[in-house]
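Raw contents of entry.csv, CSV, C-alpha atoms and all ligand atoms:
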```csv
chain,number,residue,atom,x,y,z
U,637,LEU,CA,109.8,61.1,121.8
U,638,LEU,CA,107.8,64.3,121.5
U,639,GLU,CA,108.6,66.3,118.4
U,640,ALA,CA,108.6,70.1,118.7
U,641,PRO,CA,105.6,71.4,116.9
U,642,SER,CA,106.4,73.2,113.6
U,643,PRO,CA,106.2,77.0,113.8
U,644,GLN,CA,103.4,76.9,111.3
U,645,ALA,CA,101.3,74.5,113.3
U,646,THR,CA,101.3,76.8,116.4
U,647,ALA,CA,101.5,80.3,114.9
U,648,PRO,CA,98.4,82.2,115.8
U,649,VAL,CA,96.1,82.9,113.0
U,650,ALA,CA,93.8,85.9,112.5
U,651,LEU,CA,90.1,85.5,112.6
U,652,SER,CA,87.5,87.8,111.1
U,653,TYR,CA,83.8,87.7,110.0
U,654,GLU,CA,82.0,89.6,107.2
U,655,LEU,CA,78.6,91.2,108.0
U,656,PHE,CA,76.3,93.2,105.9
U,657,PRO,CA,74.2,96.2,107.0
U,658,PRO,CA,70.6,95.1,107.8
U,659,ARG,CA,67.7,96.2,105.5
U,660,SER,CA,64.9,96.1,108.1
U,661,GLU,CA,64.3,96.4,111.9
U,662,ALA,CA,63.7,92.6,112.1
U,663,ALA,CA,67.0,92.0,110.2
U,664,SER,CA,68.8,94.3,112.5
U,665,ALA,CA,67.6,92.4,115.6
U,666,THR,CA,68.8,89.1,114.1
U,667,LEU,CA,72.1,90.7,113.1
U,668,TRP,CA,72.7,92.0,116.7
U,669,SER,CA,72.1,88.6,118.2
U,670,THR,CA,74.7,87.3,115.6
U,671,ILE,CA,77.1,90.0,116.5
U,672,ARG,CA,76.9,89.1,120.2
U,673,GLN,CA,77.6,85.4,119.5
U,674,LEU,CA,80.5,86.3,117.2
U,675,GLU,CA,82.0,88.7,119.7
U,676,ALA,CA,82.4,85.9,122.2
U,677,THR,CA,85.0,84.3,119.9
U,678,ASP,CA,87.3,87.3,120.1
U,679,PRO,CA,87.8,87.9,116.4
U,680,ASP,CA,90.5,90.4,115.2
U,681,TYR,CA,87.9,92.4,113.4
U,682,VAL,CA,84.5,92.2,111.7
U,683,SER,CA,84.1,93.6,108.2
U,684,VAL,CA,81.0,95.6,107.1
U,685,THR,CA,80.1,95.5,103.4
U,686,TYR,CA,79.2,98.7,101.4
U,687,GLY,CA,76.9,99.0,98.4
U,688,ALA,CA,78.6,99.3,95.0
U,689,SER,CA,77.4,102.8,94.5
U,690,GLY,CA,77.3,103.8,98.1
U,691,SER,CA,73.6,102.7,98.0
U,692,ASN,CA,73.7,101.8,101.7
U,693,HIS,CA,76.1,104.5,102.9
U,694,ASP,CA,74.0,105.5,105.9
U,695,THR,CA,73.1,102.0,107.2
U,696,ALA,CA,76.7,100.8,106.6
U,697,LEU,CA,78.2,103.7,108.6
U,698,ASP,CA,75.5,103.3,111.3
U,699,LEU,CA,76.5,99.7,111.7
U,700,VAL,CA,80.2,100.6,111.9
U,701,ASP,CA,79.4,103.2,114.5
U,702,ARG,CA,77.3,100.8,116.6
U,703,ILE,CA,80.0,98.1,116.5
U,704,GLN,CA,82.5,100.6,117.8
U,705,LEU,CA,80.3,102.1,120.4
U,706,GLU,CA,78.5,99.0,121.7
U,707,THR,CA,80.9,96.1,121.3
U,708,THR,CA,84.5,95.2,121.9
U,709,LEU,CA,84.8,94.4,118.2
U,710,ARG,CA,86.9,96.5,115.7
U,711,PRO,CA,85.2,97.2,112.4
U,712,LEU,CA,86.9,96.9,109.0
U,713,ALA,CA,84.7,99.2,106.8
U,714,HIS,CA,84.4,98.1,103.2
U,715,LEU,CA,84.4,101.0,100.7
U,716,THR,CA,83.7,100.8,97.0
U,717,CYS,CA,84.9,103.4,94.5
U,718,VAL,CA,83.0,102.5,91.3
U,719,GLY,CA,80.1,105.0,91.8
U,720,GLY,CA,82.1,107.9,93.3
U,721,THR,CA,84.1,110.9,92.3
U,722,PRO,CA,87.4,111.5,94.1
U,723,GLU,CA,85.8,114.3,96.1
U,724,GLU,CA,82.8,112.1,97.2
U,725,LEU,CA,85.1,109.3,98.2
U,726,THR,CA,87.5,111.5,100.1
U,727,SER,CA,84.6,112.8,102.0
U,728,VAL,CA,83.5,109.2,102.9
U,729,VAL,CA,87.0,108.3,103.9
U,730,ASN,CA,87.3,111.4,106.2
U,731,GLU,CA,83.9,110.5,107.7
U,732,LEU,CA,85.1,107.0,108.5
U,733,LEU,CA,88.4,108.3,110.0
U,734,ASP,CA,86.5,110.9,112.0
U,735,ARG,CA,84.4,108.1,113.5
U,736,GLY,CA,87.6,106.3,114.6
U,737,VAL,CA,87.7,103.6,111.9
U,738,ARG,CA,91.2,102.4,111.4
U,739,GLY,CA,90.7,99.7,108.8
U,740,ILE,CA,89.2,100.0,105.3
U,741,LEU,CA,88.7,97.3,102.7
U,742,ALA,CA,89.3,99.2,99.4
U,743,LEU,CA,87.2,97.7,96.6
U,744,ARG,CA,86.0,98.7,93.2
U,745,GLY,CA,82.5,97.3,93.4
U,746,ASP,CA,80.5,96.3,90.3
U,747,ALA,CA,79.6,99.2,88.0
U,748,PRO,CA,75.9,100.2,87.8
U,749,ARG,CA,74.0,99.1,84.6
U,750,SER,CA,73.9,102.7,83.5
U,751,GLY,CA,77.8,102.7,83.6
U,752,ALA,CA,80.1,104.5,86.0
U,753,PRO,CA,79.5,108.3,86.4
U,754,GLN,CA,81.8,110.8,84.7
U,755,GLY,CA,85.0,111.3,86.8
U,756,ALA,CA,84.4,108.2,89.0
U,757,LEU,CA,87.5,106.2,90.1
U,758,ARG,CA,88.2,103.3,87.9
U,759,TYR,CA,90.0,100.7,90.0
U,760,ALA,CA,90.4,99.6,93.6
U,761,GLN,CA,94.1,100.6,93.3
U,762,ASP,CA,92.9,104.2,92.7
U,763,LEU,CA,90.9,104.0,96.0
U,764,VAL,CA,93.9,102.7,97.9
U,765,GLU,CA,95.9,105.7,96.7
U,766,LEU,CA,93.1,108.1,97.6
U,767,ILE,CA,92.9,106.7,101.1
U,768,ARG,CA,96.6,107.0,101.6
U,769,ARG,CA,96.5,110.7,100.4
U,770,ALA,CA,93.6,111.4,102.8
U,771,GLU,CA,95.5,109.7,105.6
U,772,GLY,CA,98.6,111.8,104.8
U,773,ARG,CA,96.7,115.1,105.0
U,774,ARG,CA,95.3,114.0,108.4
U,775,CYS,CA,98.7,113.0,109.7
U,776,ALA,CA,100.0,116.4,108.8
U,777,GLN,CA,97.1,118.1,110.7
U,778,PHE,CA,96.6,115.9,113.7
U,779,ALA,CA,98.5,113.1,115.4
U,780,ALA,CA,96.5,110.6,113.4
U,781,GLY,CA,97.5,106.9,113.2
U,782,LYS,CA,98.0,104.8,110.0
U,783,VAL,CA,95.0,103.2,108.4
U,784,ALA,CA,95.1,99.5,107.6
U,785,ILE,CA,94.0,99.0,104.0
U,786,GLY,CA,92.8,95.6,102.8
U,787,VAL,CA,92.0,94.7,99.2
U,788,ALA,CA,90.3,91.8,97.3
U,789,ALA,CA,92.3,88.9,95.8
U,790,TYR,CA,91.0,86.2,93.5
U,791,PRO,CA,91.8,82.4,93.7
U,792,THR,CA,89.8,82.0,90.5
U,793,LYS,CA,90.1,84.5,87.7
U,794,HIS,CA,88.1,87.7,88.2
U,795,PRO,CA,85.2,87.6,85.6
U,796,GLU,CA,86.4,90.8,83.8
U,797,SER,CA,90.1,89.9,83.9
U,798,PRO,CA,92.0,88.5,80.9
U,799,SER,CA,93.9,86.0,83.0
U,800,GLU,CA,94.9,84.8,86.5
U,801,GLY,CA,98.3,86.3,85.7
U,802,HIS,CA,96.7,89.7,85.3
U,803,ASP,CA,94.9,89.3,88.6
U,804,VAL,CA,98.2,88.8,90.3
U,805,GLU,CA,99.7,91.9,88.6
U,806,VAL,CA,96.6,93.9,89.9
U,807,LEU,CA,97.2,92.6,93.4
U,808,LEU,CA,100.8,93.6,93.2
U,809,ALA,CA,99.8,97.0,92.0
U,810,LYS,CA,97.4,97.4,94.9
U,811,GLN,CA,100.2,96.4,97.3
U,812,ARG,CA,102.5,99.0,95.8
U,813,SER,CA,99.8,101.6,96.1
U,814,GLY,CA,99.7,100.9,99.9
U,815,ALA,CA,97.5,97.9,100.6
U,816,ASP,CA,98.5,96.0,103.8
U,817,PHE,CA,96.6,92.8,103.4
U,818,ALA,CA,94.2,91.0,101.0
U,819,ILE,CA,91.1,88.9,101.6
U,820,THR,CA,90.1,86.4,98.9
U,821,GLN,CA,86.9,86.0,97.1
U,822,VAL,CA,85.0,82.8,97.8
U,823,PHE,CA,86.6,79.6,96.4
U,824,PHE,CA,85.7,75.9,96.4
U,825,ARG,CA,89.0,74.1,96.2
U,826,ALA,CA,92.0,74.6,98.4
U,827,GLU,CA,94.4,74.2,95.5
U,828,GLN,CA,93.0,77.5,94.1
U,829,TYR,CA,94.0,79.4,97.2
U,830,GLY,CA,97.4,77.7,97.3
U,831,SER,CA,98.0,78.5,93.6
U,832,LEU,CA,97.1,82.1,94.1
U,833,VAL,CA,99.5,82.5,97.1
U,834,HIS,CA,102.2,80.7,95.1
U,835,ARG,CA,101.8,82.9,92.0
U,836,ALA,CA,101.5,86.1,94.1
U,837,ARG,CA,104.6,85.4,96.1
U,838,ARG,CA,106.6,84.6,92.9
U,839,ALA,CA,105.4,88.0,91.5
U,840,GLY,CA,106.6,89.9,94.6
U,841,VAL,CA,103.4,90.1,96.6
U,842,THR,CA,104.4,90.0,100.3
U,843,ILE,CA,101.2,91.1,102.1
U,844,PRO,CA,99.1,88.5,104.0
U,845,ILE,CA,96.5,86.8,101.7
U,846,ILE,CA,93.6,85.7,104.0
U,847,PRO,CA,91.2,83.1,102.6
U,848,GLY,CA,87.6,84.1,102.6
U,849,ILE,CA,85.6,81.0,103.6
U,850,MET,CA,81.9,80.6,103.0
U,851,PRO,CA,79.9,78.1,105.0
U,852,PHE,CA,78.2,76.2,102.2
U,853,THR,CA,74.9,75.8,104.0
U,854,SER,CA,72.6,75.3,101.0
U,855,LEU,CA,72.6,74.9,97.2
U,856,ARG,CA,70.4,78.0,96.9
U,857,ARG,CA,73.0,80.1,98.7
U,858,ILE,CA,75.9,78.7,96.6
U,859,GLU,CA,74.0,79.3,93.3
U,860,LYS,CA,73.1,82.9,94.4
U,861,LEU,CA,76.7,83.5,95.3
U,862,SER,CA,78.0,82.1,92.1
U,863,ALA,CA,75.7,84.3,90.1
U,864,LEU,CA,76.7,87.4,92.0
U,865,SER,CA,80.5,86.8,92.0
U,866,GLY,CA,81.0,84.8,88.8
U,867,VAL,CA,82.8,82.1,90.8
U,868,ALA,CA,81.8,78.7,89.4
U,869,ALA,CA,80.6,76.3,92.1
U,870,ASP,CA,82.4,73.0,92.6
U,871,PRO,CA,80.3,70.5,90.5
U,872,ALA,CA,81.0,67.6,92.9
U,873,LEU,CA,79.8,69.6,95.8
U,874,VAL,CA,76.7,70.7,93.9
U,875,ASP,CA,75.9,67.0,93.0
U,876,ARG,CA,76.3,65.9,96.7
U,877,LEU,CA,74.0,68.8,97.8
U,878,ARG,CA,71.4,67.9,95.1
U,879,SER,CA,71.3,64.3,96.2
U,880,ALA,CA,71.0,65.1,99.9
U,881,GLY,CA,67.7,63.9,101.3
U,882,ASP,CA,66.7,67.2,103.0
U,883,ASP,CA,67.9,70.7,104.0
U,884,ALA,CA,69.5,69.4,107.2
U,885,ALA,CA,71.5,66.7,105.3
U,886,ALA,CA,72.5,69.3,102.7
U,887,ARG,CA,73.6,71.7,105.5
U,888,ARG,CA,75.8,68.9,107.0
U,889,ILE,CA,77.4,68.0,103.7
U,890,GLY,CA,78.1,71.7,102.9
U,891,THR,CA,79.4,72.5,106.3
U,892,ASP,CA,81.8,69.5,106.2
U,893,ALA,CA,83.1,70.8,102.8
U,894,SER,CA,83.7,74.3,104.3
U,895,VAL,CA,85.5,72.8,107.3
U,896,ARG,CA,87.8,70.7,105.0
U,897,LEU,CA,88.4,73.8,102.8
U,898,ALA,CA,89.4,76.0,105.7
U,899,GLN,CA,91.6,73.3,107.2
U,900,SER,CA,93.4,72.8,103.9
U,901,ALA,CA,93.9,76.5,103.5
U,902,LEU,CA,95.4,76.6,107.0
U,903,GLU,CA,97.6,73.7,106.3
U,904,ALA,CA,98.8,75.5,103.2
U,905,GLY,CA,100.0,78.3,105.5
U,906,ALA,CA,97.0,80.7,105.5
U,907,PRO,CA,97.7,83.5,108.0
U,908,GLY,CA,94.1,83.8,109.0
U,909,LEU,CA,90.5,83.0,108.1
U,910,HIS,CA,87.8,85.4,107.1
U,911,LEU,CA,84.3,83.8,107.4
U,912,TYR,CA,81.5,85.1,105.2
U,913,THR,CA,78.6,84.9,107.7
U,914,PHE,CA,75.6,86.1,105.7
U,915,ASN,CA,74.6,87.7,109.0
U,916,GLU,CA,74.1,84.2,110.6
U,917,HIS,CA,76.3,83.0,113.3
U,918,ALA,CA,75.3,79.3,113.5
U,919,ALA,CA,77.1,78.1,110.4
U,920,ALA,CA,80.2,80.3,110.9
U,921,LEU,CA,80.5,79.2,114.5
U,922,GLU,CA,80.1,75.5,113.5
U,923,VAL,CA,82.9,75.8,111.0
U,924,LEU,CA,85.1,77.6,113.5
U,925,GLY,CA,84.3,75.1,116.3
U,926,ARG,CA,85.4,72.1,114.2
U,927,LEU,CA,88.8,73.7,113.4
U,928,ASP,CA,91.6,73.6,115.8
U,929,LEU,CA,92.4,77.3,115.2
U,930,PRO,CA,95.5,78.5,117.0
U,931,ARG,CA,94.3,81.8,118.4
U,932,PRO,CA,96.5,84.2,120.3
U,933,SER,CA,95.7,85.1,123.9
U,934,ARG,CA,95.7,88.8,122.8
U,935,PRO,CA,93.9,89.2,119.5
U,936,LEU,CA,95.1,92.7,119.0
U,937,LEU,CA,98.7,91.5,118.5
U,938,ALA,CA,97.6,88.9,115.9
U,939,ALA,CA,95.6,91.5,114.0
U,940,ARG,CA,98.6,93.9,113.9
U,941,HIS,CA,100.8,91.1,112.7
U,942,HIS,CA,98.5,89.7,110.0
U,943,THR,CA,96.5,92.6,108.9
U,944,ALA,CA,98.1,95.7,110.4
U,945,LEU,CA,94.5,96.7,111.5
P,1001,LIG,P1,89.8,95.9,91.1
P,1001,LIG,O1,91.0,95.4,91.9
P,1001,LIG,O2,89.8,97.3,90.6
P,1001,LIG,O3,89.6,94.9,89.8
P,1001,LIG,C1,88.5,95.0,89.0
P,1001,LIG,C2,88.8,94.6,87.6
P,1001,LIG,O4,89.7,95.5,87.0
P,1001,LIG,C3,89.6,93.2,87.5
P,1001,LIG,O5,89.2,92.5,86.4
P,1001,LIG,C4,91.0,93.7,87.4
P,1001,LIG,O6,91.8,92.7,86.7
P,1001,LIG,C5,90.9,95.0,86.6
P,1001,LIG,N1,92.0,95.9,87.0
P,1001,LIG,C6,92.2,96.4,88.2
P,1001,LIG,N2,93.2,97.3,88.2
P,1001,LIG,C7,93.6,97.4,86.9
P,1001,LIG,C8,94.6,98.2,86.3
P,1001,LIG,N3,95.4,99.0,87.0
P,1001,LIG,N4,94.8,98.0,84.9
P,1001,LIG,C9,94.0,97.1,84.2
P,1001,LIG,N5,93.0,96.4,84.8
P,1001,LIG,C10,92.8,96.5,86.1
P,1001,LIG,N6,81.5,94.5,96.4
P,1001,LIG,C11,80.7,95.4,96.9
P,1001,LIG,O7,80.0,96.1,96.1
P,1001,LIG,N7,80.6,95.7,98.2
P,1001,LIG,C12,81.4,95.1,99.1
P,1001,LIG,O8,81.4,95.4,100.3
P,1001,LIG,C13,82.3,94.0,98.6
P,1001,LIG,N8,83.1,93.3,99.4
P,1001,LIG,C14,84.0,92.4,98.9
P,1001,LIG,C15,84.9,91.8,99.8
P,1001,LIG,C16,85.8,90.9,99.3
P,1001,LIG,C17,86.7,90.2,100.3
P,1001,LIG,C18,85.8,90.6,97.9
P,1001,LIG,C19,86.8,89.5,97.4
P,1001,LIG,C20,84.9,91.2,97.1
P,1001,LIG,C21,84.0,92.1,97.5
P,1001,LIG,N9,83.1,92.8,96.7
P,1001,LIG,C22,82.3,93.8,97.2
P,1001,LIG,C23,83.1,92.5,95.3
P,1001,LIG,C24,84.0,93.3,94.4
P,1001,LIG,O9,83.6,94.7,94.4
P,1001,LIG,C25,84.0,92.8,93.0
P,1001,LIG,O10,84.7,91.6,92.9
P,1001,LIG,C26,84.5,93.7,91.9
P,1001,LIG,O11,84.1,93.2,90.6
P,1001,LIG,C27,86.0,93.9,91.8
P,1001,LIG,O12,86.5,94.6,92.9
P,1001,LIG,P2,88.1,94.8,93.2
P,1001,LIG,O13,88.2,95.6,94.4
P,1001,LIG,O14,88.8,93.5,93.1
P,1001,LIG,O15,88.5,95.6,91.9
```
If you convert what's in this file into structure tokens, what do you get?
Ligand code: FAD
Amino acid sequence: LLEAPSPQATAPVALSYELFPPRSEAASATLWSTIRQLEATDPDYVSVTYGASGSNHDTALDLVDRIQLETTLRPLAHLTCVGGTPEELTSVVNELLDRGVRGILALRGDAPRSGAPQGALRYAQDLVELIRRAEGRRCAQFAAGKVAIGVAAYPTKHPESPSEGHDVEVLLAKQRSGADFAITQVFFRAEQYGSLVHRARRAGVTIPIIPGIMPFTSLRRIEKLSALSGVAADPALVDRLRSAGDDAAARRIGTDASVRLAQSALEAGAPGLHLYTFNEHAAALEVLGRLDLPRPSRPLLAARHHTAL
């Protein structure tokens, strides 16, 4: 007897990749070869990071523009508020909307060592509200469509937060201010993602929470990421990578761990996967290729359903 597949097993899941703006001509050439490879997998969108104080404003917007003009991909533009006044940020939001961007990941960013400038927005929640206000003014002026707003979520406590409970309250506040979906920080154990979703749902968060999956290609990369994000690496994985004979063996071990992590998140009901590519397609595509990812025949519909983008 054939059993009918459970709805969860067949429901299409959203797929997205994170890219960062290139810092040189050579890096740009590599990135564009990556973009072409990723494009062939029909993702729902690709996200483009933004410097914490708008440090790479021009290169980020150039990349967003080129993605829109030269590919079939839709960009999700990251925007950070920590270094900007409301006027400056409103101007960047308008710039993005003028360029046709319809998805923004609203983030705080990490404050510069010198501290945030006078009058700067304090929290990502403030940026969500600012984007909704800018959108409202445009809707009143033109027949402008709604902007999809994503926010960050944390499977392990944010380094500055007093508790995981506080993180969930912040996520709920961002939802109430107008966020449509969340993408998680990197995590190493599937239970951390499952626990975040469970706690968030219990607190009243209803938006999709998409796991951010990092291909663990090397110990060096994991250590750098941990230092930047404050997310402690899984000690068992670190041990296994340390005792790998060479780089190729370490890469195999790390990729296996990423595949297992992504698979477990999907089994826990994740509505999509967001792959941190580090501007390299090989590892992201290897992880993707080893997952049996139910993808819709029309990605647009999945994106609307899962991320409203
Ligand atoms: P917030 O949600 O504002 O939270 C920041 C801190 O303030 C937390 O400790 C939170 O608990 C606290 N907090 C928030 N609101 C309140 C409130 N109302 N009352 C009291 N406390 C509050 N950084 C970049 O610079 N560029 C990027 O492109 C970028 N992309 C990212 C993409 C993803 C998917 C993720 C997960 C992170 C990304 N980051 C990026 C990193 C991010 O900027 C940092 O994690 C930053 O420290 C927090 O950003 P946030 O948007 O979560 O801030």
Residues within 7 Å of ligand LIG 1001 (chain P), counting all atoms listed in the file, as a ChimeraX atom specification: /U:684-688,714-716,742-746,758-761,787-790,794-797,802-803,806-807,809,819-822,848,865
Neighbour list for U:Ala919 as a PyMOL selection string, cut-off 8 Å, all atoms listed in the file, skip fewer than 4 positions in-chain: chain U and resi 851+853+891+913+923
Closest of U:Leu697, U:Met850, U:Ile858, U:Leu909 to U:Pro711 - atom-to-atom distances counting all atoms listed in the file: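 When distances to U:Pro711 are compared using all atoms listed in the file, the smallest one comes from U:Leu697.
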Nearby residues (all atoms listed in the file) at most 8 Å from U:Thr721, same-chain spacing under 6 positions excluded, as a ChimeraX atom specification: /U:753-757
Stretch 654-671 of chain U surroundings by all atoms listed in the file, 7 Å radius, close-in-sequence under 2 positions cut, as a PyMOL selection string: chain U and resi 652+673-675+682-685+695-696+699+911-917
Residue with smallest distance to U:Ile846 - pool U:Arg931, U:Arg876, U:His910, U:Arg749, counting only C-alpha atoms: U:His910
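The interatomic distance for the pair atom CA of U:Gly801 and atom CA of U:Tyr829 works out to 14.1 Å.
Going from atom CA of U:Ser894 over to atom CA of U:Arg926, you cover 10.3 Å.
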Point-to-point distance from atom CA of U:Glu903 to atom CA of U:Phe824, Å rounded to tenths: 15.6 Å
Selected residue, from U:Glu771, U:Glu706, U:Asp928, U:Asp762, that lies nearest to U:Asp734 when counting only C-alpha atoms: U:Glu771
Counting only C-alpha atoms, the residue of U:Ala747, U:Leu897, U:Val833, U:Leu864 that sits nearest U:Phe852: U:Leu897
Best match for closeness to U:Val841 among U:Arg856, U:Lys810, U:Arg774, U:Arg888, counting all atoms listed in the file: U:Lys810
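When all atoms listed in the file are used to measure the gap to U:Arg835, the shortest distance among U:Asp892, U:Asp694, U:Glu859, U:Glu800 belongs to U:Glu800.
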Expected answer as a short mmCIF file (atom, residue, chain, number, x, y, z; two decimals) with C-alpha atoms, keeping the file's coordinate frame: all residues with atoms within 8 Å of (93.7, 98.2, 104.7), all atoms listed in the file:
```cif
data_model
loop_
_atom_site.label_atom_id
_atom_site.label_comp_id
_atom_site.auth_asym_id
_atom_site.auth_seq_id
_atom_site.Cartn_x
_atom_site.Cartn_y
_atom_site.Cartn_z
CA GLY U 739 90.70 99.70 108.80
CA ILE U 740 89.20 100.00 105.30
CA LEU U 741 88.70 97.30 102.70
CA ALA U 742 89.30 99.20 99.40
CA VAL U 783 95.00 103.20 108.40
CA ALA U 784 95.10 99.50 107.60
CA ILE U 785 94.00 99.00 104.00
CA GLY U 786 92.80 95.60 102.80
CA VAL U 787 92.00 94.70 99.20
CA ALA U 815 97.50 97.90 100.60
CA ASP U 816 98.50 96.00 103.80
CA PHE U 817 96.60 92.80 103.40
CA THR U 943 96.50 92.60 108.90
CA ALA U 944 98.10 95.70 110.40
CA LEU U 945 94.50 96.70 111.50
#
```
Would you pull stretch 850-864 of chain U out of the block just shown and save N, CA and C atoms as a PDB file, in the first residue's frame?
```
ATOM      1  N   MET U 850      24.977  27.656   6.751  1.00  0.00           N
ATOM      2  CA  MET U 850      26.331  27.949   6.265  1.00  0.00           C
ATOM      3  C   MET U 850      27.003  26.647   5.827  1.00  0.00           C
ATOM      4  N   PRO U 851      27.534  26.581   4.614  1.00  0.00           N
ATOM      5  CA  PRO U 851      28.362  25.414   4.274  1.00  0.00           C
ATOM      6  C   PRO U 851      29.656  25.491   5.098  1.00  0.00           C
ATOM      7  N   PHE U 852      29.846  24.498   5.984  1.00  0.00           N
ATOM      8  CA  PHE U 852      31.007  24.540   6.893  1.00  0.00           C
ATOM      9  C   PHE U 852      32.238  24.032   6.162  1.00  0.00           C
ATOM     10  N   THR U 853      32.783  24.842   5.251  1.00  0.00           N
ATOM     11  CA  THR U 853      33.827  24.302   4.370  1.00  0.00           C
ATOM     12  C   THR U 853      35.213  24.226   5.000  1.00  0.00           C
ATOM     13  N   SER U 854      35.467  25.022   6.035  1.00  0.00           N
ATOM     14  CA  SER U 854      36.790  24.943   6.668  1.00  0.00           C
ATOM     15  C   SER U 854      36.717  25.475   8.083  1.00  0.00           C
ATOM     16  N   LEU U 855      37.669  25.027   8.895  1.00  0.00           N
ATOM     17  CA  LEU U 855      37.740  25.480  10.286  1.00  0.00           C
ATOM     18  C   LEU U 855      37.995  26.989  10.324  1.00  0.00           C
ATOM     19  N   ARG U 856      38.847  27.461   9.412  1.00  0.00           N
ATOM     20  CA  ARG U 856      39.182  28.883   9.380  1.00  0.00           C
ATOM     21  C   ARG U 856      37.916  29.724   9.188  1.00  0.00           C
ATOM     22  N   ARG U 857      37.086  29.280   8.258  1.00  0.00           N
ATOM     23  CA  ARG U 857      35.859  30.038   7.978  1.00  0.00           C
ATOM     24  C   ARG U 857      34.920  30.026   9.189  1.00  0.00           C
ATOM     25  N   ILE U 858      34.816  28.875   9.833  1.00  0.00           N
ATOM     26  CA  ILE U 858      33.927  28.765  11.001  1.00  0.00           C
ATOM     27  C   ILE U 858      34.436  29.670  12.122  1.00  0.00           C
ATOM     28  N   GLU U 859      35.747  29.662  12.332  1.00  0.00           N
ATOM     29  CA  GLU U 859      36.306  30.485  13.416  1.00  0.00           C
ATOM     30  C   GLU U 859      36.090  31.976  13.134  1.00  0.00           C
ATOM     31  N   LYS U 860      36.252  32.360  11.880  1.00  0.00           N
ATOM     32  CA  LYS U 860      36.057  33.768  11.508  1.00  0.00           C
ATOM     33  C   LYS U 860      34.594  34.162  11.733  1.00  0.00           C
ATOM     34  N   LEU U 861      33.711  33.286  11.288  1.00  0.00           N
ATOM     35  CA  LEU U 861      32.276  33.550  11.429  1.00  0.00           C
ATOM     36  C   LEU U 861      31.891  33.660  12.909  1.00  0.00           C
ATOM     37  N   SER U 862      32.440  32.750  13.726  1.00  0.00           N
ATOM     38  CA  SER U 862      32.115  32.768  15.165  1.00  0.00           C
ATOM     39  C   SER U 862      32.586  34.073  15.791  1.00  0.00           C
ATOM     40  N   ALA U 863      33.791  34.515  15.403  1.00  0.00           N
ATOM     41  CA  ALA U 863      34.321  35.759  15.969  1.00  0.00           C
ATOM     42  C   ALA U 863      33.438  36.947  15.556  1.00  0.00           C
ATOM     43  N   LEU U 864      32.984  36.937  14.319  1.00  0.00           N
ATOM     44  CA  LEU U 864      32.169  38.062  13.821  1.00  0.00           C
ATOM     45  C   LEU U 864      30.769  38.086  14.417  1.00  0.00           C
TER      46      LEU U 864
END
```
